[in-house]
file my_file_6.txt (compact mmCIF, C-alpha atoms)
# COMPACT_ATOMS: atom_id res chain seq x y z
CA MET R 1365 183.31 141.94 -50.88
CA LYS R 1366 182.11 143.43 -54.14
CA ASP R 1367 179.10 141.10 -54.29
CA PHE R 1368 178.11 142.03 -50.74
CA VAL R 1369 178.34 145.77 -51.38
CA GLU R 1370 176.46 145.47 -54.68
CA ARG R 1371 173.57 143.67 -52.97
CA VAL R 1372 173.35 146.33 -50.26
CA THR R 1373 173.51 149.05 -52.92
CA ALA R 1374 170.64 147.39 -54.79
CA VAL R 1375 168.50 148.05 -51.70
CA LEU R 1376 169.81 151.41 -50.52
CA GLY R 1377 171.10 153.04 -53.68
CA VAL R 1378 174.45 154.74 -54.18
CA THR R 1379 175.44 157.16 -51.43
CA GLU R 1380 178.28 159.64 -51.06
CA ALA R 1381 177.78 160.25 -47.33
CA PRO R 1382 177.76 157.44 -44.75
CA LEU R 1383 174.29 156.06 -44.11
CA ALA R 1384 173.87 155.58 -40.36
CA LEU R 1385 172.92 152.21 -38.95
CA HIS R 1386 169.65 153.52 -37.52
CA GLU R 1387 168.47 157.12 -37.33
CA PRO R 1388 165.28 158.55 -35.82
CA ALA R 1389 162.79 160.37 -38.03
CA PHE R 1390 160.63 163.28 -36.84
CA SER R 1391 157.88 164.05 -39.31
CA GLY R 1392 154.76 164.16 -37.15
CA ASN R 1393 153.69 166.03 -34.03
CA GLU R 1394 157.06 165.79 -32.26
CA LEU R 1395 157.85 169.51 -32.39
CA ALA R 1396 154.32 170.56 -31.41
CA TYR R 1397 154.17 168.29 -28.37
CA VAL R 1398 157.66 169.19 -27.15
CA ARG R 1399 156.90 172.89 -27.66
CA GLU R 1400 153.77 172.47 -25.53
CA CYS R 1401 155.96 171.23 -22.68
CA LEU R 1402 158.26 174.22 -23.06
CA ASP R 1403 155.40 176.70 -23.33
CA THR R 1404 153.61 175.36 -20.26
CA GLY R 1405 156.75 174.68 -18.21
CA TRP R 1406 155.86 171.01 -17.64
CA VAL R 1407 159.23 169.56 -18.66
CA SER R 1408 160.10 167.27 -15.74
CA THR R 1409 158.47 164.16 -14.30
CA ALA R 1410 155.04 165.72 -13.83
CA GLY R 1411 152.82 166.56 -16.78
CA LYS R 1412 150.12 165.05 -18.95
CA PHE R 1413 152.34 163.38 -21.53
CA VAL R 1414 153.84 160.81 -19.13
CA ASP R 1415 150.42 159.38 -18.26
CA GLU R 1416 149.33 159.59 -21.90
CA PHE R 1417 152.46 157.81 -23.10
CA GLU R 1418 151.94 155.00 -20.58
CA SER R 1419 148.28 154.66 -21.59
CA ARG R 1420 149.13 154.49 -25.29
CA LEU R 1421 151.88 151.93 -24.71
CA ALA R 1422 149.55 149.70 -22.73
CA GLU R 1423 146.85 149.93 -25.39
CA LEU R 1424 149.28 149.29 -28.25
CA SER R 1425 151.02 146.34 -26.58
CA GLY R 1426 147.94 144.78 -25.02
CA ALA R 1427 149.61 144.90 -21.60
CA ARG R 1428 147.37 145.92 -18.70
CA HIS R 1429 149.98 148.34 -17.37
CA ALA R 1430 152.96 150.34 -18.67
CA ILE R 1431 155.34 152.26 -16.42
CA ALA R 1432 157.57 154.81 -18.18
CA VAL R 1433 161.16 155.13 -16.93
CA VAL R 1434 164.33 157.03 -17.81
CA ASN R 1435 165.89 154.22 -19.90
CA GLY R 1436 165.70 150.52 -20.61
CA THR R 1437 168.49 149.60 -18.18
CA ALA R 1438 166.63 151.31 -15.33
CA GLY R 1439 163.51 149.43 -16.37
CA LEU R 1440 165.33 146.08 -16.28
CA HIS R 1441 166.83 146.87 -12.89
CA ALA R 1442 163.45 147.83 -11.42
CA ALA R 1443 161.68 144.84 -12.98
CA LEU R 1444 164.27 142.38 -11.65
CA HIS R 1445 164.12 143.99 -8.22
CA VAL R 1446 160.33 143.76 -8.08
CA SER R 1447 160.50 140.17 -9.36
CA GLY R 1448 162.46 139.20 -6.26
CA VAL R 1449 166.05 139.08 -7.50
CA LEU R 1450 168.35 139.55 -4.50
CA ALA R 1451 172.04 140.15 -3.92
CA GLY R 1452 173.95 136.90 -4.32
CA ASP R 1453 171.40 135.29 -6.66
CA GLU R 1454 172.11 134.09 -10.18
CA VAL R 1455 170.02 135.25 -13.15
CA LEU R 1456 170.00 133.39 -16.46
CA VAL R 1457 170.73 135.81 -19.31
CA PRO R 1458 171.77 135.40 -22.96
CA THR R 1459 175.38 135.97 -23.88
CA VAL R 1460 174.12 137.47 -27.19
CA SER R 1461 172.80 140.77 -25.91
CA PHE R 1462 173.68 144.38 -25.24
CA VAL R 1463 175.61 144.82 -21.99
CA ALA R 1464 172.61 146.46 -20.28
CA THR R 1465 171.03 143.01 -19.78
CA ALA R 1466 173.92 141.85 -17.60
CA ASN R 1467 174.42 145.27 -16.02
CA ALA R 1468 170.86 145.34 -14.68
CA VAL R 1469 171.45 141.97 -13.03
CA SER R 1470 174.65 143.27 -11.45
CA GLN R 1471 172.87 146.39 -10.21
CA CYS R 1472 170.67 144.06 -8.15
CA GLY R 1473 173.81 142.60 -6.58
CA ALA R 1474 173.16 139.36 -8.47
CA VAL R 1475 175.38 137.42 -10.87
CA PRO R 1476 174.65 136.84 -14.59
CA HIS R 1477 174.66 133.19 -15.65
CA PHE R 1478 175.14 133.05 -19.42
CA VAL R 1479 173.02 130.98 -21.80
CA ASP R 1480 173.64 130.02 -25.44
CA CYS R 1481 171.50 131.22 -28.34
CA ALA R 1482 169.26 129.58 -30.93
CA PRO R 1483 170.76 129.67 -34.43
CA ASP R 1484 167.64 131.02 -36.16
CA THR R 1485 166.72 134.08 -34.06
CA TYR R 1486 169.87 134.48 -31.89
CA GLY R 1487 167.59 134.57 -28.86
CA MET R 1488 168.05 132.35 -25.80
CA SER R 1489 167.88 128.66 -26.74
CA PRO R 1490 165.16 126.79 -24.80
CA ALA R 1491 166.62 123.39 -25.68
CA ALA R 1492 170.14 124.30 -24.57
CA LEU R 1493 168.85 125.91 -21.38
CA ALA R 1494 166.68 122.88 -20.56
CA GLU R 1495 169.67 120.55 -20.80
CA HIS R 1496 171.87 122.93 -18.82
CA LEU R 1497 169.35 123.28 -16.00
CA ARG R 1498 168.96 119.51 -15.89
CA GLN R 1499 172.68 119.32 -15.14
CA VAL R 1500 173.22 122.26 -12.76
CA ALA R 1501 169.93 122.98 -10.96
CA GLU R 1502 169.06 121.30 -7.66
CA PRO R 1503 166.08 121.93 -5.35
CA ALA R 1504 166.69 124.26 -2.44
CA GLY R 1505 164.43 126.34 -0.20
CA GLY R 1506 161.32 126.10 -2.34
CA GLY R 1507 163.23 126.97 -5.52
CA PHE R 1508 166.41 125.82 -7.20
CA ARG R 1509 170.08 126.66 -6.88
CA ASN R 1510 173.20 126.15 -8.95
CA ARG R 1511 174.73 122.96 -7.53
CA HIS R 1512 178.23 124.23 -8.41
CA THR R 1513 178.05 127.72 -6.87
CA GLY R 1514 175.32 127.28 -4.27
CA ARG R 1515 173.57 130.44 -5.48
CA ARG R 1516 169.79 130.62 -5.93
CA LEU R 1517 168.62 130.61 -9.56
CA ALA R 1518 166.36 133.65 -9.36
CA ALA R 1519 165.08 134.62 -12.83
CA ILE R 1520 165.29 134.08 -16.59
CA VAL R 1521 165.81 137.12 -18.83
CA PRO R 1522 165.28 136.26 -22.52
CA MET R 1523 166.11 139.02 -24.99
CA HIS R 1524 164.39 139.60 -28.35
CA VAL R 1525 167.50 140.15 -30.48
CA PHE R 1526 167.25 142.79 -33.25
CA GLY R 1527 163.46 142.79 -32.79
CA HIS R 1528 163.07 139.07 -33.61
CA PRO R 1529 160.94 137.42 -30.91
CA VAL R 1530 162.59 134.65 -28.94
CA ASP R 1531 160.90 131.23 -28.70
CA ILE R 1532 159.19 132.27 -25.47
CA GLU R 1533 156.69 129.48 -24.73
CA PRO R 1534 159.21 126.74 -23.84
CA LEU R 1535 161.18 129.27 -21.78
CA LEU R 1536 158.01 130.00 -19.79
CA ASP R 1537 157.58 126.26 -19.24
CA LEU R 1538 161.15 125.99 -17.95
CA ALA R 1539 160.63 128.97 -15.70
CA ALA R 1540 157.54 127.37 -14.18
CA ARG R 1541 159.32 124.05 -13.71
CA TYR R 1542 162.27 125.68 -11.95
CA ARG R 1543 160.14 128.26 -10.10
CA MET R 1544 161.67 131.37 -11.59
CA PRO R 1545 160.00 134.50 -12.96
CA VAL R 1546 160.62 135.60 -16.55
CA VAL R 1547 161.55 139.22 -17.20
CA GLU R 1548 161.67 139.89 -20.95
CA ASP R 1549 164.34 142.18 -22.31
CA ALA R 1550 162.16 143.58 -25.09
CA ALA R 1551 164.31 146.70 -25.48
CA GLU R 1552 164.44 146.24 -29.26
CA ALA R 1553 161.05 144.62 -29.78
CA LEU R 1554 158.27 147.24 -29.69
CA GLY R 1555 155.78 146.14 -32.36
CA ALA R 1556 157.08 142.56 -32.56
CA ARG R 1557 154.54 139.82 -31.94
CA ILE R 1558 154.39 136.16 -30.98
CA GLY R 1559 151.15 134.85 -32.40
CA ASP R 1560 148.58 137.48 -31.48
CA ARG R 1561 150.48 138.83 -28.45
CA SER R 1562 153.15 141.51 -28.23
CA ALA R 1563 156.70 140.65 -27.28
CA GLY R 1564 157.26 141.84 -23.73
CA THR R 1565 153.84 140.74 -22.42
CA PHE R 1566 154.55 137.09 -21.60
CA GLY R 1567 156.69 137.32 -18.47
CA VAL R 1568 156.10 138.90 -15.10
CA ALA R 1569 157.39 142.04 -16.81
CA GLY R 1570 158.79 143.11 -20.16
CA VAL R 1571 161.12 146.05 -20.68
CA LEU R 1572 161.22 148.40 -23.68
CA SER R 1573 163.85 150.96 -24.70
CA PHE R 1574 163.30 154.25 -26.51
CA ASN R 1575 166.91 155.25 -27.02
CA GLY R 1576 167.65 157.39 -30.08
CA ASN R 1577 168.38 154.32 -32.22
CA LYS R 1578 165.29 152.29 -31.33
CA ILE R 1579 162.11 151.67 -33.35
CA ILE R 1580 160.67 154.85 -31.79
CA THR R 1581 162.54 157.24 -29.54
CA THR R 1582 161.88 159.49 -26.57
CA GLY R 1583 165.50 160.69 -26.72
CA GLY R 1584 166.33 158.60 -23.70
CA GLY R 1585 163.70 156.47 -22.04
CA GLY R 1586 162.18 153.08 -21.46
CA ALA R 1587 159.09 151.39 -20.08
CA VAL R 1588 158.12 148.29 -18.14
CA LEU R 1589 155.07 146.33 -19.31
CA THR R 1590 153.18 144.02 -16.97
CA ASN R 1591 149.79 142.35 -16.68
CA ASP R 1592 150.06 142.09 -12.89
CA ALA R 1593 148.41 144.97 -11.02
CA ASP R 1594 150.49 144.40 -7.88
CA VAL R 1595 153.73 144.40 -9.88
CA ALA R 1596 152.63 147.59 -11.62
CA ARG R 1597 151.91 149.31 -8.30
CA ARG R 1598 155.29 148.28 -6.91
CA LEU R 1599 157.09 149.46 -10.05
CA LYS R 1600 155.32 152.81 -10.06
CA HIS R 1601 156.07 153.34 -6.37
CA LEU R 1602 159.72 152.30 -6.52
CA THR R 1603 160.54 154.19 -9.69
CA THR R 1604 159.18 157.42 -8.18
CA THR R 1605 161.40 157.35 -5.05
CA ALA R 1606 158.77 155.48 -3.01
CA LYS R 1607 157.05 158.75 -2.16
CA ALA R 1608 153.72 158.40 -0.41
CA ALA R 1609 150.91 160.56 -1.77
CA HIS R 1610 150.49 163.78 0.20
CA ARG R 1611 149.64 167.36 -0.71
CA TRP R 1612 152.89 168.77 0.70
CA ASP R 1613 154.84 166.38 2.93
CA PHE R 1614 157.82 164.27 1.82
CA VAL R 1615 157.24 160.77 3.11
CA HIS R 1616 159.31 158.01 1.50
CA ASP R 1617 158.60 154.58 2.92
CA GLU R 1618 161.52 152.54 1.51
CA VAL R 1619 164.78 152.82 -0.37
CA ALA R 1620 163.84 153.31 -4.01
CA PHE R 1621 164.87 154.73 -7.40
CA ASN R 1622 164.45 158.05 -9.18
CA TYR R 1623 163.62 156.45 -12.55
CA ARG R 1624 160.51 158.39 -13.66
CA MET R 1625 160.47 159.53 -17.31
CA PRO R 1626 160.33 163.33 -17.81
CA ASN R 1627 157.29 164.85 -19.49
CA LEU R 1628 159.50 166.31 -22.23
CA ASN R 1629 160.64 162.83 -23.29
CA ALA R 1630 157.14 161.42 -23.03
CA ALA R 1631 155.83 164.16 -25.32
CA LEU R 1632 158.30 163.10 -27.97
CA GLY R 1633 157.28 159.48 -27.42
CA CYS R 1634 153.56 160.22 -27.84
CA ALA R 1635 154.23 161.77 -31.24
CA GLN R 1636 156.45 158.86 -32.24
CA LEU R 1637 153.80 156.31 -31.23
CA GLU R 1638 151.34 158.00 -33.56
CA ARG R 1639 153.71 157.13 -36.41
CA LEU R 1640 154.51 153.56 -35.29
CA PRO R 1641 152.28 151.80 -37.86
CA GLU R 1642 154.00 153.73 -40.66
CA ILE R 1643 157.45 153.00 -39.19
CA LEU R 1644 156.70 149.28 -38.92
CA ARG R 1645 155.39 149.20 -42.49
CA ARG R 1646 158.53 150.87 -43.81
CA LYS R 1647 160.76 148.61 -41.71
CA LYS R 1648 159.01 145.56 -43.13
CA GLY R 1649 159.45 146.88 -46.66
CA LEU R 1650 163.18 147.44 -46.10
CA ALA R 1651 163.60 143.97 -44.60
CA ASP R 1652 161.80 142.38 -47.55
CA ALA R 1653 164.06 144.27 -49.95
CA TYR R 1654 167.16 142.98 -48.17
CA ALA R 1655 165.77 139.43 -48.11
CA HIS R 1656 165.16 139.59 -51.85
CA ALA R 1657 168.62 141.04 -52.55
CA PHE R 1658 170.38 138.22 -50.68
CA ALA R 1659 167.98 135.38 -51.58
CA ASP R 1660 170.31 133.71 -54.08
CA ALA R 1661 173.59 134.37 -52.23
CA PRO R 1662 174.95 131.09 -50.81
CA ASP R 1663 177.53 132.82 -48.58
CA PHE R 1664 174.94 135.05 -46.87
CA ARG R 1665 171.80 134.34 -44.85
CA PHE R 1666 169.39 137.19 -44.31
CA VAL R 1667 168.12 136.90 -40.74
CA ASP R 1668 164.36 136.90 -41.24
CA GLU R 1669 161.40 136.37 -38.93
CA VAL R 1670 160.39 132.80 -38.20
CA ARG R 1671 156.97 131.29 -38.66
CA GLY R 1672 154.42 132.26 -36.01
CA ARG R 1673 156.49 135.22 -34.80
CA SER R 1674 156.41 138.69 -36.37
CA SER R 1675 159.56 140.77 -36.14
CA ASN R 1676 159.56 144.56 -35.99
CA ASN R 1677 162.72 144.36 -38.15
CA TRP R 1678 164.53 146.82 -35.89
CA LEU R 1679 168.02 145.95 -37.12
CA ASN R 1680 168.43 143.94 -40.30
CA ALA R 1681 171.24 141.41 -40.22
CA ILE R 1682 173.22 139.19 -42.56
CA GLU R 1683 174.89 136.01 -41.36
CA LEU R 1684 178.03 134.96 -43.21
CA SER R 1685 178.43 131.28 -44.02
CA ALA R 1686 180.79 129.18 -41.91
CA SER R 1687 183.28 129.20 -44.77
CA MET R 1688 183.45 133.02 -44.46
CA SER R 1689 184.14 132.92 -40.72
CA GLY R 1690 186.99 135.24 -39.81
CA ARG R 1691 186.32 137.63 -42.69
CA ARG R 1692 183.57 139.68 -41.04
CA ASP R 1693 185.73 142.76 -40.54
CA GLU R 1694 186.68 142.78 -44.23
CA PHE R 1695 182.99 143.07 -45.10
CA LEU R 1696 182.50 145.78 -42.50
CA GLU R 1697 185.40 147.77 -43.93
CA ALA R 1698 184.12 147.39 -47.50
CA ALA R 1699 180.66 148.57 -46.45
CA ARG R 1700 182.10 151.62 -44.67
CA GLU R 1701 184.15 152.54 -47.71
CA ALA R 1702 180.98 152.37 -49.81
CA GLY R 1703 179.18 154.72 -47.41
CA TYR R 1704 177.15 152.19 -45.42
CA GLN R 1705 177.48 152.17 -41.64
CA CYS R 1706 177.32 148.48 -40.82
CA ARG R 1707 178.34 146.95 -37.50
CA PRO R 1708 179.09 143.57 -35.90
CA VAL R 1709 176.94 141.99 -33.25
CA TRP R 1710 177.79 143.00 -29.70
CA ARG R 1711 180.84 141.34 -28.21
CA LEU R 1712 179.51 138.31 -26.36
CA LEU R 1713 178.82 139.24 -22.76
CA HIS R 1714 180.86 136.45 -21.23
CA ARG R 1715 183.93 137.82 -23.05
CA LEU R 1716 183.66 141.23 -21.36
CA LYS R 1717 186.04 141.88 -18.47
CA PRO R 1718 183.36 142.46 -15.78
CA TYR R 1719 181.67 139.15 -16.65
CA ALA R 1720 184.53 136.86 -17.61
CA ALA R 1721 184.32 134.85 -14.38
CA CYS R 1722 180.55 134.46 -14.32
CA PRO R 1723 178.91 131.03 -14.57
CA ARG R 1724 177.94 129.86 -18.02
CA MET R 1725 176.81 126.89 -20.02
CA GLY R 1726 178.54 125.79 -23.22
CA LEU R 1727 178.21 128.72 -25.64
CA SER R 1728 179.30 127.11 -28.89
CA VAL R 1729 176.47 128.46 -31.07
CA ALA R 1730 176.97 132.05 -29.95
CA GLU R 1731 180.73 131.78 -30.29
CA SER R 1732 180.38 130.42 -33.81
CA LEU R 1733 178.02 133.22 -34.83
CA GLU R 1734 179.88 136.10 -33.18
CA GLN R 1735 182.30 136.57 -36.09
CA ARG R 1736 179.65 136.06 -38.78
CA ILE R 1737 176.87 138.57 -38.01
CA ILE R 1738 176.67 141.96 -39.75
CA ASN R 1739 173.95 144.52 -39.09
CA LEU R 1740 172.85 146.57 -42.10
CA PRO R 1741 171.52 150.16 -42.27
CA SER R 1742 167.95 149.90 -41.02
CA SER R 1743 166.44 153.38 -40.65
CA PRO R 1744 162.79 153.28 -41.77
CA GLN R 1745 163.30 156.27 -44.05
CA LEU R 1746 165.74 154.20 -46.13
CA PHE R 1747 162.83 152.18 -47.56
CA ARG R 1748 162.29 153.36 -51.10
CA GLU R 1749 158.60 153.04 -51.83
CA VAL R 1750 157.50 152.40 -55.39
CA ALA R 1751 154.57 154.57 -56.46

call {"tool": "encode", "arguments": {"input": "my_file_6.txt", "output": "structure tokens"}}
result
Amino acid sequence: MKDFVERVTAVLGVTEAPLALHEPAFSGNELAYVRECLDTGWVSTAGKFVDEFESRLAELSGARHAIAVVNGTAGLHAALHVSGVLAGDEVLVPTVSFVATANAVSQCGAVPHFVDCAPDTYGMSPAALAEHLRQVAEPAGGGFRNRHTGRRLAAIVPMHVFGHPVDIEPLLDLAARYRMPVVEDAAEALGARIGDRSAGTFGVAGVLSFNGNKIITTGGGGAVLTNDADVARRLKHLTTTAKAAHRWDFVHDEVAFNYRMPNLNAALGCAQLERLPEILRRKKGLADAYAHAFADAPDFRFVDEVRGRSSNNWLNAIELSASMSGRRDEFLEAAREAGYQCRPVWRLLHRLKPYAACPRMGLSVAESLEQRIINLPSSPQLFREVA
């Protein structure tokens, strides 16, 4: 325990007050832009900052379109709906993820089907999924269904865990082979890249989150990225209550969602995006400092980016060795006592009560890692720059 705390202290310094896991920082135009909304009265879903935020997101990510929404879960729900997921379908999702990934599937009336993770990035394992689909998928109605449940296999939702990009290319190949769209859960991955492309721009759609603990924040908010103009039009229409354009009349042509991001939140997001390069630089510096601090520690593996994929280093993580399995909570308690707010990985989704009976493949890698992952304080302002 002492060795672990000393290595964290070498990076963060001694602290008397608890250092939060991830805090936002407001040192740019945040106050000015939000004040403009208040001064002009444009605080709700109309106003210039929503369109500006979408435009900046599209430019930054390289996506052709960005649709701002109230949060990442709403974005996932809308993206799955537009991608054709129907009630009674099954959607392949990682068991290592925040509960929103499975919740969005359920909100479509579909059933999560849990997939194991890769040991290097914790993202969905293409090899494990390929073998699983070989065993359970059978052709049906122009697509494929689960031979055991009879449900249509409707989509694949890989998640970029802690901002580390998943191995997306083989997942896209599997999706094409089994005739399923890919919707990326890129909630944690703004600024992460796979080769020269941004995470979240490979599937039919990719969903970002701007919760208060994300790489940038709009307070609450999210966005859907897509390169498909028809998908973008559908998303924009459905997330704004399917209201037809008219100077005064209220014509809504289908059941839809009130998911539009307010101007007030978008104003905050515009200011945060201006600072994204600085935030990413500081996040990289903090990650490198952690990697150096744990480089010679045989009982700890710093979870670093893999070759060919650039992480945004949203949440830094340490993986305990197999010999330390079962002692995770001791390390968490020692870190808290030293003033560092560390946390475990999310409880695996298939262990949660609402999802305990859902279909799944063998999840041995995820189950082995669950008790060995510790997230470290990762706020960008914790990086101590050397003059």

call {"tool": "residues_around", "arguments": {"input": "my_file_6.txt", "residues": "Gly1448 of chain R", "least_positions_apart": "6", "cutoff": "9 Å", "atoms": "all atoms listed in the file", "output": "PDB file with C-alpha atoms, in the coordinates of the input"}}
result
ATOM      1  CA  ALA R1518     166.360 133.650  -9.360  1.00  0.00           C
ATOM      2  CA  ALA R1519     165.080 134.620 -12.830  1.00  0.00           C
ATOM      3  CA  PRO R1545     160.000 134.500 -12.960  1.00  0.00           C
TER       4      PRO R1545
END

call {"tool": "closest_atom_pairs", "arguments": {"input": "my_file_6.txt", "of": "segment 1555-1652 of chain R", "to": "segment 1528-1537 of chain R", "cutoff": "10 Å", "atoms": "only C-alpha atoms", "output": "JSON lines"}}
result
{"residue": "R:Ala1556", "atom": "CA", "partner": "R:Pro1529", "partner_atom": "CA", "distance": 6.6}
{"residue": "R:Arg1557", "atom": "CA", "partner": "R:Pro1529", "partner_atom": "CA", "distance": 6.9}
{"residue": "R:Ile1558", "atom": "CA", "partner": "R:Pro1529", "partner_atom": "CA", "distance": 6.7}
{"residue": "R:Ser1562", "atom": "CA", "partner": "R:Pro1529", "partner_atom": "CA", "distance": 9.2}
{"residue": "R:Ala1563", "atom": "CA", "partner": "R:Pro1529", "partner_atom": "CA", "distance": 6.4}
{"residue": "R:Gly1564", "atom": "CA", "partner": "R:Pro1529", "partner_atom": "CA", "distance": 9.2}
{"residue": "R:Phe1566", "atom": "CA", "partner": "R:Ile1532", "partner_atom": "CA", "distance": 7.7}
{"residue": "R:Gly1567", "atom": "CA", "partner": "R:Leu1536", "partner_atom": "CA", "distance": 7.6}

call {"tool": "axis_aligned_box", "arguments": {"input": "my_file_6.txt", "around": "segment 1540-1555 of chain R", "padding_each_side": "6 Å", "output": "lines of an AutoDock Vina configuration file"}}
result
center_x = 160.1
center_y = 135.6
center_z = -21.2
size_x = 20.7
size_y = 35.2
size_z = 34.3

call {"tool": "residues_near_point", "arguments": {"input": "my_file_6.txt", "point": "(160.8, 141.3, -35.8)", "cutoff": "8 Å", "atoms": "only C-alpha atoms", "output": "PyMOL selection string"}}
result
chain R and resi 1526-1529+1553+1555-1557+1668-1669+1673-1678

call {"tool": "atom_distance", "arguments": {"input": "my_file_6.txt", "atom1": "atom CA of Cys1472 of chain R", "atom2": "atom CA of Asn1627 of chain R"}}
result
27.2 Å

call {"tool": "atom_distance", "arguments": {"input": "my_file_6.txt", "atom1": "atom CA of Phe1664 of chain R", "atom2": "atom CA of Pro1483 of chain R"}}
result
14.2 Å

call {"tool": "residues_near_point", "arguments": {"input": "my_file_6.txt", "point": "(154.8, 146.1, -15.9)", "cutoff": "12 Å", "atoms": "all atoms listed in the file", "output": "PyMOL selection string"}}
result
chain R and resi 1418+1421-1422+1425-1433+1439-1440+1442-1444+1446-1447+1547-1548+1564-1572+1586-1600+1603

call {"tool": "residues_around", "arguments": {"input": "my_file_6.txt", "residues": "segment 1647-1650 of chain R", "least_positions_apart": "4", "cutoff": "7 Å", "atoms": "all atoms listed in the file", "output": "number ranges by chain"}}
result
R: 1643, 1654, 1677, 1744, 1747

call {"tool": "residues_around", "arguments": {"input": "my_file_6.txt", "residues": "segment 1702-1714 of chain R", "least_positions_apart": "3", "cutoff": "9 Å", "atoms": "only C-alpha atoms", "output": "PyMOL selection string"}}
result
chain R and resi 1369+1372-1373+1376+1378-1386+1458-1463+1466+1477-1478+1692-1693+1695-1699+1717-1724+1730-1731+1733-1741

call {"tool": "atom_distance", "arguments": {"input": "my_file_6.txt", "atom1": "atom CA of His1512 of chain R", "atom2": "atom CA of Val1546 of chain R"}}
result
22.5 Å

call {"tool": "residues_around", "arguments": {"input": "my_file_6.txt", "residues": "Gly1583 of chain R", "least_positions_apart": "4", "cutoff": "8 Å", "atoms": "all atoms listed in the file", "output": "count of residues only"}}
result
5

call {"tool": "residues_around", "arguments": {"input": "my_file_6.txt", "residues": "Glu1394 of chain R", "least_positions_apart": "6", "cutoff": "12 Å", "atoms": "only C-alpha atoms", "output": "ChimeraX atom specification"}}
result
/R:1388,1400-1401,1413,1580-1583,1628-1639

call {"tool": "write_last_selection", "arguments": {"input": "my_file_6.txt", "atoms": "C-alpha atoms", "output": "PDB file, in the coordinates of the input"}}
result
ATOM      1  CA  PRO R1388     165.280 158.550 -35.820  1.00  0.00           C
ATOM      2  CA  GLU R1400     153.770 172.470 -25.530  1.00  0.00           C
ATOM      3  CA  CYS R1401     155.960 171.230 -22.680  1.00  0.00           C
ATOM      4  CA  PHE R1413     152.340 163.380 -21.530  1.00  0.00           C
ATOM      5  CA  ILE R1580     160.670 154.850 -31.790  1.00  0.00           C
ATOM      6  CA  THR R1581     162.540 157.240 -29.540  1.00  0.00           C
ATOM      7  CA  THR R1582     161.880 159.490 -26.570  1.00  0.00           C
ATOM      8  CA  GLY R1583     165.500 160.690 -26.720  1.00  0.00           C
ATOM      9  CA  LEU R1628     159.500 166.310 -22.230  1.00  0.00           C
ATOM     10  CA  ASN R1629     160.640 162.830 -23.290  1.00  0.00           C
ATOM     11  CA  ALA R1630     157.140 161.420 -23.030  1.00  0.00           C
ATOM     12  CA  ALA R1631     155.830 164.160 -25.320  1.00  0.00           C
ATOM     13  CA  LEU R1632     158.300 163.100 -27.970  1.00  0.00           C
ATOM     14  CA  GLY R1633     157.280 159.480 -27.420  1.00  0.00           C
ATOM     15  CA  CYS R1634     153.560 160.220 -27.840  1.00  0.00           C
ATOM     16  CA  ALA R1635     154.230 161.770 -31.240  1.00  0.00           C
ATOM     17  CA  GLN R1636     156.450 158.860 -32.240  1.00  0.00           C
ATOM     18  CA  LEU R1637     153.800 156.310 -31.230  1.00  0.00           C
ATOM     19  CA  GLU R1638     151.340 158.000 -33.560  1.00  0.00           C
ATOM     20  CA  ARG R1639     153.710 157.130 -36.410  1.00  0.00           C
TER      21      ARG R1639
END

call {"tool": "closest_residue", "arguments": {"input": "my_file_6.txt", "among": "R:Leu1424, R:Leu1716, R:Val1667, R:Ala1374", "to": "Asn1680 of chain R", "atoms": "only C-alpha atoms"}}
result
R:Val1667

call {"tool": "closest_residue", "arguments": {"input": "my_file_6.txt", "among": "R:Ala1609, R:Ala1474, R:Met1725, R:Ala1540", "to": "Leu1493 of chain R", "atoms": "only C-alpha atoms"}}
result
R:Met1725

call {"tool": "build_atoms", "arguments": {"input": "my_file_6.txt", "residues": "segment 1385-1390 of chain R", "atoms": "N, CA, C and O atoms", "output": "tab-separated table (two decimals), in the frame of the given file"}}
result
chain	number	residue	atom	x	y	z
R	1385	LEU	N	173.54	153.51	-39.19
R	1385	LEU	CA	172.92	152.21	-38.95
R	1385	LEU	C	171.43	152.35	-38.68
R	1385	LEU	O	170.61	151.62	-39.25
R	1386	HIS	N	171.06	153.30	-37.81
R	1386	HIS	CA	169.65	153.52	-37.52
R	1386	HIS	C	169.47	154.93	-36.99
R	1386	HIS	O	169.99	155.27	-35.93
R	1387	GLU	N	168.71	155.74	-37.71
R	1387	GLU	CA	168.47	157.12	-37.33
R	1387	GLU	C	166.98	157.34	-37.03
R	1387	GLU	O	166.13	156.74	-37.67
R	1388	PRO	N	166.68	158.21	-36.07
R	1388	PRO	CA	165.28	158.55	-35.82
R	1388	PRO	C	164.75	159.45	-36.93
R	1388	PRO	O	165.51	160.09	-37.64
R	1389	ALA	N	163.44	159.49	-37.06
R	1389	ALA	CA	162.79	160.37	-38.03
R	1389	ALA	C	161.68	161.12	-37.32
R	1389	ALA	O	160.86	160.52	-36.61
R	1390	PHE	N	161.63	162.43	-37.51
R	1390	PHE	CA	160.63	163.28	-36.84
R	1390	PHE	C	159.83	164.01	-37.91
R	1390	PHE	O	160.24	165.05	-38.40
